[in-house]
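Student: Here it is: the structure, laid out below.
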Amino acid sequence: MKIGFIGAGVMGKHMIRNLAKCGFLVNVYARNMDSVQDLITEGFIFKESIKELVRNVDVVITIVGYPSDVEEVYLDHDKIIPNFDSDKIIIDMTTSSPTLAKKIYAIAKEKGISSLDAPVTGGDLGAVKGELTIFVGGDYEIYEKCLPVFKAMGKVIQYVGDSGSGQHAKLANQIAIAGAISGMCETITYAIKNNIDPKLLINVWGSGSAGSWQMVNMAPRALANDYAPGFFIKHFIKDMNLAINESESKGVKLKMLHTVRDMFQELSDRGYSEMGTQAIIDYYIKES
């Protein structure tokens, strides 16, 4: 199976490499060729346009920034769907709008193209190890056909339901992360303010009922002032806003999520938008 991949960012590059390790031929497109020089050096084929990328591939995978980017890359006249052949497959792995996922599915179907929404979680560590969690929405038979592709990048692959369901599942996941990462930071802040070294307790907290992926993996980074992005703050804010909009459209107000979103937005306004989500520790330390 030949794959065209769009979105060679923090996670995308590792996903591309893991696909190749599993025997898939992967061609790559990026707006800035300089950003993928490492992949080109490793032997991956770079295509200079999306129109060129989609020729002679079986599947196109995208993991880009925002819903506006997703809409552009799939629907603009010189992009994916207008230039892709019928009986091929598109997989959007961006965390995006469920409504947009359904729109893309419907437009693709009219042209005989199959569409899956398959956002991921697991950050840079999961991408490196090929242990991402992947939530998949779309037609089940297409999901089954693409399982080898997903297994090359992920450890947990969960089919959720029809088009848009993968995005809803991922947004629900982001709500849980919002609570976990703020809880991790409040735990650390409380310890510090009471003269307890949190480094002594990270493993203890992480192994018990207070444990979370955030506590085990991100707390050490936060305590070391290592704010390198495994997941950008700007993208987490986007995800939380999507979840808020979806919940409010159904008359549900998620109070915790609003609070955490507002904290991250304030931190972003201070210049932290390109940092990893663990940088939220600075909000607590500097506020308290």
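Convention: chains lettered A, B, ... in structure tokens order; per-chain residue numbering from 1; ligands numbered from 1 as shown.
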Per DSSP on the backbone, filter region 60-107 of chain A down to the residues in strand (DSSP E) and report them as a list of chain:residue names.
Tutor: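 Residues meeting the strand (DSSP E) criterion: A:Val60, A:Ile61, A:Thr62, A:Ile89, A:Ile90, A:Ile91, A:Asp92.
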Student: As a ChimeraX atom specification, please: the residues near region 230-241 of chain A (cut-off 10 Å, only C-alpha atoms, same-chain neighbours under 4 positions excluded).
Tutor: /A:10-11,65-67,95-97,121-127,170-175,177-178,218,245-247,257-258,260-265,267-268,272-280
Student: Could you save the residues just selected, with C-alpha atoms, as an mmCIF file, in the first residue's frame?
Tutor:
data_model
loop_
_atom_site.group_PDB
_atom_site.id
_atom_site.type_symbol
_atom_site.label_atom_id
_atom_site.label_comp_id
_atom_site.auth_asym_id
_atom_site.auth_seq_id
_atom_site.Cartn_x
_atom_site.Cartn_y
_atom_site.Cartn_z
ATOM 1 C CA VAL A 10 6.336 16.977 15.941
ATOM 2 C CA MET A 11 4.259 13.789 15.769
ATOM 3 C CA GLY A 65 -2.993 22.148 12.714
ATOM 4 C CA TYR A 66 -6.528 23.496 12.754
ATOM 5 C CA PRO A 67 -9.951 22.744 11.227
ATOM 6 C CA THR A 95 -8.003 16.688 16.027
ATOM 7 C CA SER A 96 -10.688 18.673 14.263
ATOM 8 C CA SER A 97 -14.395 19.438 14.099
ATOM 9 C CA THR A 121 -3.492 10.866 21.370
ATOM 10 C CA GLY A 122 -0.217 9.942 23.034
ATOM 11 C CA GLY A 123 1.971 12.950 22.212
ATOM 12 C CA ASP A 124 5.494 12.827 20.876
ATOM 13 C CA LEU A 125 6.399 9.851 23.078
ATOM 14 C CA GLY A 126 3.574 7.742 21.690
ATOM 15 C CA ALA A 127 4.423 8.785 18.142
ATOM 16 C CA LYS A 170 -10.871 12.470 20.815
ATOM 17 C CA LEU A 171 -12.505 15.634 22.163
ATOM 18 C CA ALA A 172 -13.841 13.634 25.107
ATOM 19 C CA ASN A 173 -10.275 12.420 25.644
ATOM 20 C CA GLN A 174 -9.030 16.023 25.681
ATOM 21 C CA ILE A 175 -11.540 16.889 28.382
ATOM 22 C CA ILE A 177 -6.513 15.453 29.821
ATOM 23 C CA ALA A 178 -7.518 18.962 30.859
ATOM 24 C CA MET A 218 4.713 15.088 32.097
ATOM 25 C CA ASN A 245 -18.387 24.444 21.215
ATOM 26 C CA GLU A 246 -19.658 20.896 20.691
ATOM 27 C CA SER A 247 -20.904 20.588 24.277
ATOM 28 C CA LEU A 257 -12.937 22.531 30.889
ATOM 29 C CA HIS A 258 -13.768 26.237 30.715
ATOM 30 C CA VAL A 260 -8.553 24.976 32.300
ATOM 31 C CA ARG A 261 -9.027 26.493 28.826
ATOM 32 C CA ASP A 262 -8.946 29.984 30.334
ATOM 33 C CA MET A 263 -5.711 29.203 32.221
ATOM 34 C CA PHE A 264 -4.032 27.917 29.091
ATOM 35 C CA GLN A 265 -5.282 30.903 27.093
ATOM 36 C CA LEU A 267 -0.504 31.407 29.484
ATOM 37 C CA SER A 268 -0.602 31.518 25.681
ATOM 38 C CA TYR A 272 3.789 30.218 25.787
ATOM 39 C CA SER A 273 1.718 29.100 22.780
ATOM 40 C CA GLU A 274 4.601 27.210 21.106
ATOM 41 C CA MET A 275 5.564 25.376 24.298
ATOM 42 C CA GLY A 276 4.408 21.972 25.501
ATOM 43 C CA THR A 277 1.307 21.639 27.664
ATOM 44 C CA GLN A 278 3.444 20.824 30.726
ATOM 45 C CA ALA A 279 4.406 24.523 30.789
ATOM 46 C CA ILE A 280 1.082 25.118 32.559
#
Student: Report, in Å with one decimal, the straight-line distance from CA of Val28 (chain A) to CA of Met93 (chain A).
Tutor: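 Separating CA of Val28 (chain A) from CA of Met93 (chain A) is a distance of 15.1 Å.
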Student: Pull the helix (DSSP H, G or I) assignments for region 23-126 of chain A out of DSSP run on the backbone, and list those residues as a compact mmCIF listing (two decimals) with N, CA and C atoms, in the first residue's frame.
Tutor:
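result28.txt, freshly written:
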# COMPACT_ATOMS: atom_id res chain seq x y z
N MET A 33 9.77 22.84 2.50
CA MET A 33 10.63 21.69 2.22
C MET A 33 11.77 21.57 3.23
N ASP A 34 12.25 22.71 3.73
CA ASP A 34 13.36 22.69 4.69
C ASP A 34 12.98 21.94 5.96
N SER A 35 11.69 21.95 6.30
CA SER A 35 11.25 21.31 7.55
C SER A 35 11.29 19.79 7.47
N VAL A 36 11.42 19.25 6.27
CA VAL A 36 11.45 17.78 6.13
C VAL A 36 12.76 17.30 5.51
N GLN A 37 13.79 18.11 5.59
CA GLN A 37 15.09 17.71 5.05
C GLN A 37 15.60 16.43 5.70
N ASP A 38 15.32 16.26 6.99
CA ASP A 38 15.76 15.04 7.66
C ASP A 38 15.09 13.81 7.06
N LEU A 39 13.80 13.92 6.73
CA LEU A 39 13.09 12.80 6.11
C LEU A 39 13.62 12.53 4.71
N ILE A 40 13.90 13.58 3.98
CA ILE A 40 14.44 13.42 2.62
C ILE A 40 15.80 12.73 2.68
N THR A 41 16.62 13.14 3.66
CA THR A 41 17.94 12.51 3.85
C THR A 41 17.79 11.02 4.16
N ILE A 50 0.45 19.11 -3.25
CA ILE A 50 -0.52 18.08 -2.85
C ILE A 50 -1.09 17.39 -4.08
N LYS A 51 -1.29 18.17 -5.14
CA LYS A 51 -1.81 17.60 -6.38
C LYS A 51 -0.90 16.49 -6.90
N GLU A 52 0.41 16.71 -6.76
CA GLU A 52 1.37 15.69 -7.18
C GLU A 52 1.40 14.53 -6.20
N LEU A 53 1.26 14.83 -4.91
CA LEU A 53 1.32 13.80 -3.88
C LEU A 53 0.24 12.75 -4.06
N PRO A 67 -8.88 23.11 12.17
CA PRO A 67 -9.95 22.74 11.23
C PRO A 67 -9.88 23.52 9.91
N SER A 68 -9.48 24.78 9.96
CA SER A 68 -9.35 25.56 8.73
C SER A 68 -8.30 24.95 7.80
N ASP A 69 -7.23 24.42 8.39
CA ASP A 69 -6.20 23.75 7.59
C ASP A 69 -6.74 22.46 6.98
N VAL A 70 -7.53 21.72 7.77
CA VAL A 70 -8.13 20.47 7.28
C VAL A 70 -9.04 20.76 6.10
N GLU A 71 -9.90 21.77 6.25
CA GLU A 71 -10.84 22.11 5.18
C GLU A 71 -10.10 22.51 3.90
N GLU A 72 -9.06 23.32 4.06
CA GLU A 72 -8.28 23.75 2.90
C GLU A 72 -7.61 22.57 2.21
N VAL A 73 -6.94 21.72 2.99
CA VAL A 73 -6.13 20.67 2.41
C VAL A 73 -6.97 19.59 1.72
N TYR A 74 -8.22 19.45 2.14
CA TYR A 74 -9.09 18.46 1.51
C TYR A 74 -9.95 19.02 0.39
N LEU A 75 -10.40 20.27 0.52
CA LEU A 75 -11.45 20.74 -0.37
C LEU A 75 -11.03 21.77 -1.40
N ILE A 80 -6.60 17.80 -2.06
CA ILE A 80 -6.77 16.34 -2.09
C ILE A 80 -7.98 15.86 -2.88
N ILE A 81 -9.18 16.12 -2.38
CA ILE A 81 -10.37 15.47 -2.96
C ILE A 81 -10.58 15.81 -4.44
N PRO A 82 -10.42 17.06 -4.87
CA PRO A 82 -10.63 17.34 -6.30
C PRO A 82 -9.64 16.64 -7.22
N ASN A 83 -8.52 16.16 -6.68
CA ASN A 83 -7.48 15.57 -7.52
C ASN A 83 -7.20 14.10 -7.21
N PRO A 98 -15.97 17.60 14.46
CA PRO A 98 -16.80 16.47 14.01
C PRO A 98 -17.71 16.86 12.84
N THR A 99 -18.21 18.08 12.87
CA THR A 99 -19.08 18.56 11.78
C THR A 99 -18.31 18.61 10.47
N LEU A 100 -17.07 19.09 10.53
CA LEU A 100 -16.23 19.14 9.33
C LEU A 100 -15.91 17.73 8.84
N ALA A 101 -15.66 16.81 9.75
CA ALA A 101 -15.39 15.42 9.36
C ALA A 101 -16.55 14.85 8.57
N LYS A 102 -17.77 15.13 9.00
CA LYS A 102 -18.96 14.65 8.29
C LYS A 102 -19.08 15.30 6.92
N LYS A 103 -18.74 16.59 6.84
CA LYS A 103 -18.79 17.31 5.57
C LYS A 103 -17.80 16.70 4.57
N ILE A 104 -16.58 16.46 5.02
CA ILE A 104 -15.56 15.87 4.15
C ILE A 104 -15.99 14.47 3.72
N TYR A 105 -16.53 13.70 4.64
CA TYR A 105 -17.01 12.34 4.33
C TYR A 105 -18.04 12.39 3.20
N ALA A 106 -19.00 13.31 3.31
CA ALA A 106 -20.08 13.38 2.32
C ALA A 106 -19.56 13.80 0.96
N ILE A 107 -18.66 14.80 0.92
CA ILE A 107 -18.11 15.28 -0.34
C ILE A 107 -17.24 14.19 -0.99
N ALA A 108 -16.45 13.51 -0.16
CA ALA A 108 -15.60 12.44 -0.68
C ALA A 108 -16.44 11.30 -1.24
N LYS A 109 -17.50 10.96 -0.54
CA LYS A 109 -18.35 9.84 -0.96
C LYS A 109 -18.97 10.11 -2.32
N GLU A 110 -19.32 11.37 -2.59
CA GLU A 110 -19.89 11.72 -3.89
C GLU A 110 -18.92 11.41 -5.04
N GLY A 123 0.88 11.98 22.27
CA GLY A 123 1.97 12.95 22.21
C GLY A 123 3.18 12.44 21.45
N ASP A 124 4.28 13.17 21.61
CA ASP A 124 5.49 12.83 20.88
C ASP A 124 6.05 11.47 21.31
N LEU A 125 5.89 11.13 22.60
CA LEU A 125 6.40 9.85 23.08
C LEU A 125 5.66 8.69 22.41
N GLY A 126 4.35 8.78 22.33
CA GLY A 126 3.57 7.74 21.69
C GLY A 126 3.87 7.64 20.21
